[in-house]
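Chemist: Below is target_16.cif; it holds mmCIF, C-alpha atoms.
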```cif
data_structure
loop_
_atom_site.label_atom_id
_atom_site.label_comp_id
_atom_site.auth_asym_id
_atom_site.auth_seq_id
_atom_site.Cartn_x
_atom_site.Cartn_y
_atom_site.Cartn_z
CA MET A 1 123.65 122.87 62.10
CA SER A 2 125.76 123.93 65.03
CA GLU A 3 125.46 123.60 68.80
CA HIS A 4 127.14 125.71 71.44
CA GLN A 5 127.20 125.55 75.20
CA LEU A 6 128.23 127.92 77.98
CA VAL A 7 128.41 127.11 81.68
CA PHE A 8 128.66 130.12 83.97
CA ALA A 9 127.99 131.23 87.52
CA THR A 10 127.11 134.61 89.00
CA PRO A 11 129.10 135.99 90.63
CA PRO A 12 131.73 136.38 89.19
CA ASP A 13 130.19 135.98 85.73
CA ASP A 14 127.50 138.36 84.50
CA VAL A 15 125.57 139.10 81.31
CA ASN A 16 128.78 140.18 79.61
CA THR A 17 129.83 136.51 79.82
CA VAL A 18 126.80 135.68 77.68
CA HIS A 19 127.58 138.50 75.22
CA ASP A 20 131.15 137.23 74.81
CA PHE A 21 129.90 133.66 74.30
CA LEU A 22 127.42 134.82 71.64
CA GLU A 23 130.15 136.72 69.83
CA SER A 24 131.96 133.44 69.35
CA VAL A 25 128.73 131.72 68.26
CA TRP A 26 128.03 134.43 65.67
CA SER A 27 131.56 134.30 64.30
CA ASP A 28 131.17 130.54 63.90
CA ASP A 29 127.96 130.79 61.86
CA THR A 30 128.03 133.10 58.88
CA THR A 31 124.51 132.32 57.64
CA LEU A 32 122.74 134.44 60.25
CA THR A 33 121.58 137.93 59.31
CA ASP A 34 122.23 141.01 61.47
CA GLU A 35 118.52 141.07 62.34
CA GLU A 36 118.55 137.45 63.51
CA ARG A 37 121.63 138.02 65.66
CA MET A 38 120.26 141.24 67.17
CA ALA A 39 116.92 139.70 68.06
CA PHE A 40 118.30 136.46 69.49
CA GLU A 41 121.08 138.14 71.48
CA LEU A 42 118.63 140.60 73.03
CA ALA A 43 116.21 137.77 73.92
CA LEU A 44 118.98 135.72 75.56
CA VAL A 45 120.43 138.67 77.47
CA GLU A 46 116.96 139.60 78.75
CA LEU A 47 116.37 136.02 79.95
CA THR A 48 119.79 135.88 81.59
CA SER A 49 119.32 139.29 83.23
CA ASN A 50 115.99 138.09 84.58
CA VAL A 51 117.59 134.99 86.09
CA ILE A 52 120.49 136.94 87.61
CA GLU A 53 118.19 139.63 89.00
CA HIS A 54 115.89 137.16 90.69
CA ALA A 55 118.82 135.21 92.07
CA ALA A 56 120.61 138.29 93.36
CA ALA A 57 118.89 138.15 96.72
CA GLY A 58 120.21 134.63 97.25
CA GLU A 59 123.69 133.24 96.93
CA GLY A 60 124.31 133.56 93.23
CA VAL A 61 123.24 131.17 90.54
CA ALA A 62 124.86 128.61 88.27
CA CYS A 63 123.61 128.47 84.68
CA ARG A 64 123.96 126.39 81.58
CA LEU A 65 123.14 127.99 78.25
CA SER A 66 122.77 125.94 75.07
CA VAL A 67 122.28 127.45 71.64
CA ALA A 68 121.46 125.45 68.52
CA ILE A 69 121.33 126.81 64.99
CA THR A 70 119.77 124.89 62.11
CA ASP A 71 118.63 125.98 58.66
CA GLY A 72 115.10 126.24 60.01
CA GLU A 73 115.38 127.72 63.47
CA LEU A 74 117.40 129.20 66.29
CA THR A 75 116.80 127.63 69.68
CA ALA A 76 118.25 128.12 73.13
CA THR A 77 117.73 126.77 76.63
CA LEU A 78 118.91 128.44 79.80
CA SER A 79 118.80 126.35 82.95
CA ASP A 80 119.69 127.63 86.39
CA THR A 81 119.88 126.43 89.97
CA ALA A 82 117.80 129.24 91.45
CA GLU A 83 114.63 128.91 93.49
CA PRO A 84 111.51 128.04 91.49
CA GLY A 85 110.36 130.93 89.32
CA SER A 86 106.97 132.47 89.90
CA VAL A 87 106.86 134.44 86.69
CA SER A 88 103.77 134.33 84.55
CA LEU A 89 104.57 133.99 80.87
CA VAL A 90 101.07 134.56 79.65
CA GLY A 91 100.25 137.87 78.05
CA ARG A 92 103.20 139.92 79.22
CA VAL A 93 102.44 143.46 78.15
CA MET A 94 104.87 146.29 77.57
CA PRO A 95 104.63 148.60 80.58
CA ASP A 96 103.87 152.32 80.48
CA GLU A 97 106.50 154.32 78.59
CA MET A 98 107.70 156.09 81.75
CA ALA A 99 108.26 152.78 83.62
CA GLU A 100 111.87 152.03 84.46
CA GLY A 101 111.53 148.25 84.48
CA GLY A 102 109.31 145.31 83.60
CA ARG A 103 110.05 145.22 79.87
CA GLY A 104 112.41 142.24 79.78
CA LEU A 105 110.05 139.31 79.26
CA ALA A 106 107.64 141.42 77.20
CA LEU A 107 110.54 142.10 74.84
CA VAL A 108 111.48 138.41 74.71
CA GLN A 109 107.93 137.54 73.66
CA LEU A 110 108.14 140.06 70.82
CA LEU A 111 111.53 138.80 69.69
CA VAL A 112 110.94 135.04 69.46
CA ASP A 113 108.22 132.69 68.28
CA ASP A 114 108.10 130.54 71.43
CA LEU A 115 109.08 131.24 75.02
CA GLY A 116 108.78 128.43 77.54
CA TYR A 117 109.47 127.87 81.20
CA GLU A 118 109.44 124.67 83.21
CA ARG A 119 110.75 123.45 86.53
CA VAL A 120 112.91 120.34 85.99
CA GLY A 121 114.27 118.80 89.18
CA ASP A 122 116.14 121.58 90.99
CA SER A 123 116.42 123.79 87.92
CA ASN A 124 114.42 126.44 86.15
CA VAL A 125 114.59 125.81 82.42
CA TRP A 126 113.83 128.65 80.04
CA SER A 127 113.61 127.94 76.34
CA ILE A 128 113.20 130.12 73.27
CA ARG A 129 112.75 129.32 69.61
CA LYS A 130 112.80 131.57 66.59
CA ALA A 131 112.07 130.38 63.07
CA ARG A 132 114.56 131.48 60.43
CA PRO A 133 113.45 133.40 57.36
CA THR A 134 113.00 131.11 54.40
CA ALA A 135 115.35 131.88 51.54
CA MET B 1 130.99 150.25 78.80
CA ASP B 2 132.97 153.49 78.83
CA LEU B 3 131.40 156.82 79.78
CA ALA B 4 132.65 160.33 79.13
CA VAL B 5 130.84 163.47 80.27
CA GLU B 6 131.52 166.93 78.91
CA GLY B 7 129.75 170.24 79.35
CA ALA B 8 128.34 172.21 76.42
CA GLY B 9 126.95 175.74 76.64
CA ALA B 10 125.60 176.94 79.96
CA ASP B 11 123.55 173.99 81.13
CA VAL B 12 123.97 171.07 78.71
CA ALA B 13 125.93 167.90 79.44
CA VAL B 14 126.86 165.40 76.74
CA VAL B 15 127.28 161.85 78.05
CA ARG B 16 129.09 159.64 75.54
CA CYS B 17 128.58 155.90 76.01
CA THR B 18 130.72 153.26 74.35
CA GLY B 19 130.13 149.52 74.56
CA ARG B 20 127.17 147.57 75.94
CA LEU B 21 124.42 149.32 77.87
CA ASN B 22 123.05 146.44 79.95
CA MET B 23 122.34 145.51 83.59
CA VAL B 24 126.08 145.69 84.35
CA SER B 25 126.63 149.21 82.99
CA ALA B 26 123.20 150.84 83.47
CA PRO B 27 123.96 152.00 87.06
CA ALA B 28 127.04 153.89 85.81
CA LEU B 29 124.92 155.77 83.26
CA ARG B 30 122.42 156.75 85.97
CA GLU B 31 125.30 157.93 88.13
CA ALA B 32 126.88 159.98 85.33
CA VAL B 33 123.60 161.71 84.47
CA THR B 34 122.72 162.33 88.12
CA GLY B 35 126.17 163.87 88.58
CA ALA B 36 125.76 166.14 85.55
CA ILE B 37 122.38 167.34 86.82
CA ALA B 38 123.85 167.99 90.28
CA ASP B 39 126.59 170.03 88.58
CA GLY B 40 123.94 172.36 87.16
CA ARG B 41 123.53 170.74 83.74
CA PRO B 42 119.95 169.41 83.68
CA ARG B 43 119.79 169.35 79.87
CA VAL B 44 121.46 166.06 79.06
CA VAL B 45 122.32 164.49 75.72
CA VAL B 46 123.19 160.81 75.80
CA ASP B 47 125.33 160.08 72.76
CA LEU B 48 124.73 156.45 71.83
CA ALA B 49 126.93 156.36 68.73
CA GLY B 50 129.35 153.95 70.41
CA VAL B 51 126.70 151.67 71.92
CA ASP B 52 126.48 148.44 69.95
CA PHE B 53 124.02 146.80 72.35
CA MET B 54 121.27 148.05 74.66
CA ASP B 55 118.72 145.99 76.57
CA SER B 56 115.73 146.76 78.82
CA SER B 57 118.06 147.58 81.74
CA GLY B 58 119.76 150.23 79.60
CA LEU B 59 116.41 151.50 78.42
CA GLY B 60 115.15 151.67 82.02
CA ALA B 61 118.21 153.73 82.96
CA LEU B 62 117.51 156.17 80.09
CA VAL B 63 113.89 156.57 81.24
CA GLY B 64 115.04 157.09 84.85
CA CYS B 65 117.56 159.71 83.68
CA LEU B 66 114.86 161.43 81.59
CA LYS B 67 112.66 161.71 84.70
CA SER B 68 115.57 163.04 86.80
CA ALA B 69 116.42 165.65 84.17
CA ARG B 70 112.82 166.80 83.85
CA SER B 71 112.31 167.08 87.58
CA ALA B 72 115.40 169.32 87.67
CA GLY B 73 113.83 171.59 85.05
CA GLY B 74 115.77 170.10 82.15
CA ASP B 75 115.32 167.30 79.64
CA LEU B 76 117.14 164.31 78.20
CA ARG B 77 117.72 163.61 74.53
CA ILE B 78 119.39 160.68 72.83
CA ALA B 79 121.58 160.89 69.75
CA SER B 80 123.00 158.59 67.08
CA PRO B 81 121.45 155.24 68.07
CA SER B 82 122.65 152.12 66.24
CA ALA B 83 120.25 149.77 64.44
CA GLN B 84 120.19 147.56 67.55
CA VAL B 85 119.27 150.45 69.86
CA LEU B 86 116.57 151.61 67.42
CA MET B 87 115.10 148.10 67.45
CA VAL B 88 114.82 148.17 71.26
CA LEU B 89 113.26 151.66 71.30
CA LYS B 90 110.72 150.64 68.68
CA LEU B 91 109.74 147.32 70.29
CA SER B 92 109.28 149.11 73.62
CA ASN B 93 107.07 151.82 72.07
CA ILE B 94 109.35 154.38 73.61
CA ASP B 95 110.55 156.24 70.53
CA ARG B 96 107.95 158.91 71.33
CA ILE B 97 109.44 160.01 74.67
CA LEU B 98 113.00 159.21 73.62
CA ARG B 99 113.04 160.41 70.04
CA PRO B 100 116.43 159.78 68.43
CA HIS B 101 118.40 162.81 67.24
CA ASP B 102 121.00 162.58 64.50
CA ASP B 103 123.74 164.49 66.22
CA ALA B 104 124.57 165.02 69.90
CA ALA B 105 125.84 168.53 69.17
CA THR B 106 122.47 169.70 67.85
CA ALA B 107 120.09 167.54 69.90
CA PHE B 108 118.86 170.56 71.88
CA ASP B 109 118.53 172.82 68.82
CA GLU B 110 115.43 171.06 67.51
#
```
Take the structure from the file and write it as structure tokens.
Modeler:
Amino acid sequence: MSEHQLVFATPPDDVNTVHDFLESVWSDDTTLTDEERMAFELALVELTSNVIEHAAAGEGVACRLSVAITDGELTATLSDTAEPGSVSLVGRVMPDEMAEGGRGLALVQLLVDDLGYERVGDSNVWSIRKARPTA
Amino acid sequence: MDLAVEGAGADVAVVRCTGRLNMVSAPALREAVTGAIADGRPRVVVDLAGVDFMDSSGLGALVGCLKSARSAGGDLRIASPSAQVLMVLKLSNIDRILRPHDDAATAFDE
């Protein structure tokens, strides 16, 4: 069981801040497989990119990312101070192959077992959960 | 991410990417490919051997570059993707229009 937390703000931070944070998380936990790390990192970077993109029109966004690893599951929550999200999480489909965008949340849904969103006070809170393979 | 562009043959450009291809670096890839096409090299190989991470922003840039190359009478091929990049291509159902090639040097021979 381990828990990790990152507080960041864009600008000046960006998704590379999240990559660097995850590198330290992965080096701290040697039980995760390459596949688990790849899937979870992609899911978290897609969520973060989504938050940063939708906040870009405003005045930046402050975020708090928490990652917890247990024997049974990988979970993460990403909360931000942006305006309320208006993104539908139901039935996101992968867009046409020639589309240049719109794949982020569809990918997240394929990568994790649960994807949630709720508005808590002045924050958007995104959460993901992925069960770990049983030994 | 680092980018290096070099010409090959009469009209091929090889764009070598190293690092993370994400929302921070994707615009630089688009710029490099657009520049190569403007220089008269509309057949573009993006060498992904050094890319340890790609997300949907990187994938979107590759699709945009593919469209630019085709509308200039050329094409875009990708070479040497890592396991992570292959995972993204497969989940996005895009391995048909961006079929991975083993080697950047021979990507246009097939």
Chemist: Using the chain letters and numbers from the file, which residues does the PyMOL selection byres ((chain B) within 12 of (chain A)) grab, as an MDAnalysis selection string?
Modeler: chainID B and resid 1 19:26 30 52:68 82:98
Chemist: Closest to Pro42 of chain B among B:Ala69, B:Ala79, B:Val5, B:Val15, using only C-alpha atoms?
Modeler: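 Between B:Ala69, B:Ala79, B:Val5, B:Val15, the residue approaching Pro42 of chain B most closely is B:Ala69.
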Chemist: Expressed in Å to a single decimal, how great is the separation between atom CA of Ala107 of chain B and atom CA of Asp39 of chain B?
Modeler: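 Here the two named atoms are 19.9 Å from each other.
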Chemist: Can you list what the PyMOL selection byres ((chain A and resi 8-11) around 9) grabs from this structure, as a PDB file with C-alpha atoms, keeping the file's coordinate frame?
Modeler:
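expr_22.pdb was written with the following content:
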```pdb
ATOM      1  CA  LEU A   6     128.230 127.920  77.980  1.00  0.00           C
ATOM      2  CA  VAL A   7     128.410 127.110  81.680  1.00  0.00           C
ATOM      3  CA  PRO A  12     131.730 136.380  89.190  1.00  0.00           C
ATOM      4  CA  ASP A  13     130.190 135.980  85.730  1.00  0.00           C
ATOM      5  CA  ASP A  14     127.500 138.360  84.500  1.00  0.00           C
ATOM      6  CA  THR A  17     129.830 136.510  79.820  1.00  0.00           C
ATOM      7  CA  VAL A  18     126.800 135.680  77.680  1.00  0.00           C
ATOM      8  CA  ILE A  52     120.490 136.940  87.610  1.00  0.00           C
ATOM      9  CA  ALA A  55     118.820 135.210  92.070  1.00  0.00           C
ATOM     10  CA  ALA A  56     120.610 138.290  93.360  1.00  0.00           C
ATOM     11  CA  GLU A  59     123.690 133.240  96.930  1.00  0.00           C
ATOM     12  CA  GLY A  60     124.310 133.560  93.230  1.00  0.00           C
ATOM     13  CA  VAL A  61     123.240 131.170  90.540  1.00  0.00           C
ATOM     14  CA  ALA A  62     124.860 128.610  88.270  1.00  0.00           C
ATOM     15  CA  CYS A  63     123.610 128.470  84.680  1.00  0.00           C
ATOM     16  CA  ARG A  64     123.960 126.390  81.580  1.00  0.00           C
ATOM     17  CA  LEU A  65     123.140 127.990  78.250  1.00  0.00           C
TER      18      LEU A  65
END
```
Chemist: Once the PyMOL selection byres ((chain B and resi 11) around 12) has been evaluated on this model, what residues remain selected, and can you format them as a PyMOL selection string?
Modeler: chain B and resi 6-10+12-14+36-45+69+72-76+108
Chemist: Asp103 of chain B: which residues within 10 Å, counting all atoms listed in the file, same-chain residues fewer than 6 positions away excluded, as a list of chain:residue names?
Modeler: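 Non-adjacent residues within range: B:Val45, B:Asp47, B:Leu48, B:Ala49, B:Ile78, B:Ala79, B:Ser80, B:Pro81.
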Chemist: Can you write out the residues you just picked, keeping C-alpha atoms, as an mmCIF file, in the frame of the given file?
Modeler:
```
data_model
loop_
_atom_site.group_PDB
_atom_site.id
_atom_site.type_symbol
_atom_site.label_atom_id
_atom_site.label_comp_id
_atom_site.auth_asym_id
_atom_site.auth_seq_id
_atom_site.Cartn_x
_atom_site.Cartn_y
_atom_site.Cartn_z
ATOM 1 C CA VAL B 45 122.320 164.490 75.720
ATOM 2 C CA ASP B 47 125.330 160.080 72.760
ATOM 3 C CA LEU B 48 124.730 156.450 71.830
ATOM 4 C CA ALA B 49 126.930 156.360 68.730
ATOM 5 C CA ILE B 78 119.390 160.680 72.830
ATOM 6 C CA ALA B 79 121.580 160.890 69.750
ATOM 7 C CA SER B 80 123.000 158.590 67.080
ATOM 8 C CA PRO B 81 121.450 155.240 68.070
#
```
Chemist: May I ask for the distance between atom CA of Ala76 of chain A and atom CA of Gln5 of chain A, given in Å to one decimal place?
Modeler: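 So the two atoms, atom CA of Ala76 of chain A and atom CA of Gln5 of chain A, lie 9.5 Å apart.
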Chemist: Could you work out how far atom CA of Val125 of chain A lies from atom CA of Ser24 of chain A, giving the answer in Å with one decimal?
Modeler: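 Going from atom CA of Ser24 of chain A over to atom CA of Val125 of chain A covers 23.0 Å.
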Chemist: Between A:Ala82, A:Leu47, A:Ile69, A:Leu115, which is the closest to Asp29 of chain A once you count only C-alpha atoms?
Modeler: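 Of all the options, A:Ile69 lies closest to Asp29 of chain A.
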Chemist: Between A:Gln109, A:Ser66, A:Thr48, A:Thr75, which is the closest to Ile128 of chain A once you count all atoms listed in the file?
Modeler: A:Thr75
Chemist: For Glu36 of chain A, work out the shell of residues within 10 Å, counting all atoms listed in the file and skipping chain neighbours fewer than 3 positions away, then give it as a VMD selection string.
Modeler: chain A and resid 31 to 33 39 to 41 74 111 to 112 130 to 133
Chemist: Between B:Pro100, B:Thr34, B:Val51, B:Ala28, which has the minimum distance to Ser71 of chain B (counting all atoms listed in the file)?
Modeler: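 Looking at the shortest contact to Ser71 of chain B, the residue is B:Thr34.
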Chemist: Show me the residues close to (134.2, 157.6, 76.9) - anything with an atom within 7 Å, counting all atoms listed in the file - and format the list as a PyMOL selection string.
Modeler: chain B and resi 2-4+16-18
Chemist: Would you place a box with edges along x, y and z of the file around all atoms of segment 41-53 of chain B listed there, add 3 Å to each of its six sides, and report the centre and edge lengths in Å to one decimal, as JSON?
Modeler:
```
{"center_x": 124.6, "center_y": 158.8, "center_z": 76.2, "size_x": 15.6, "size_y": 29.9, "size_z": 21.0}
```
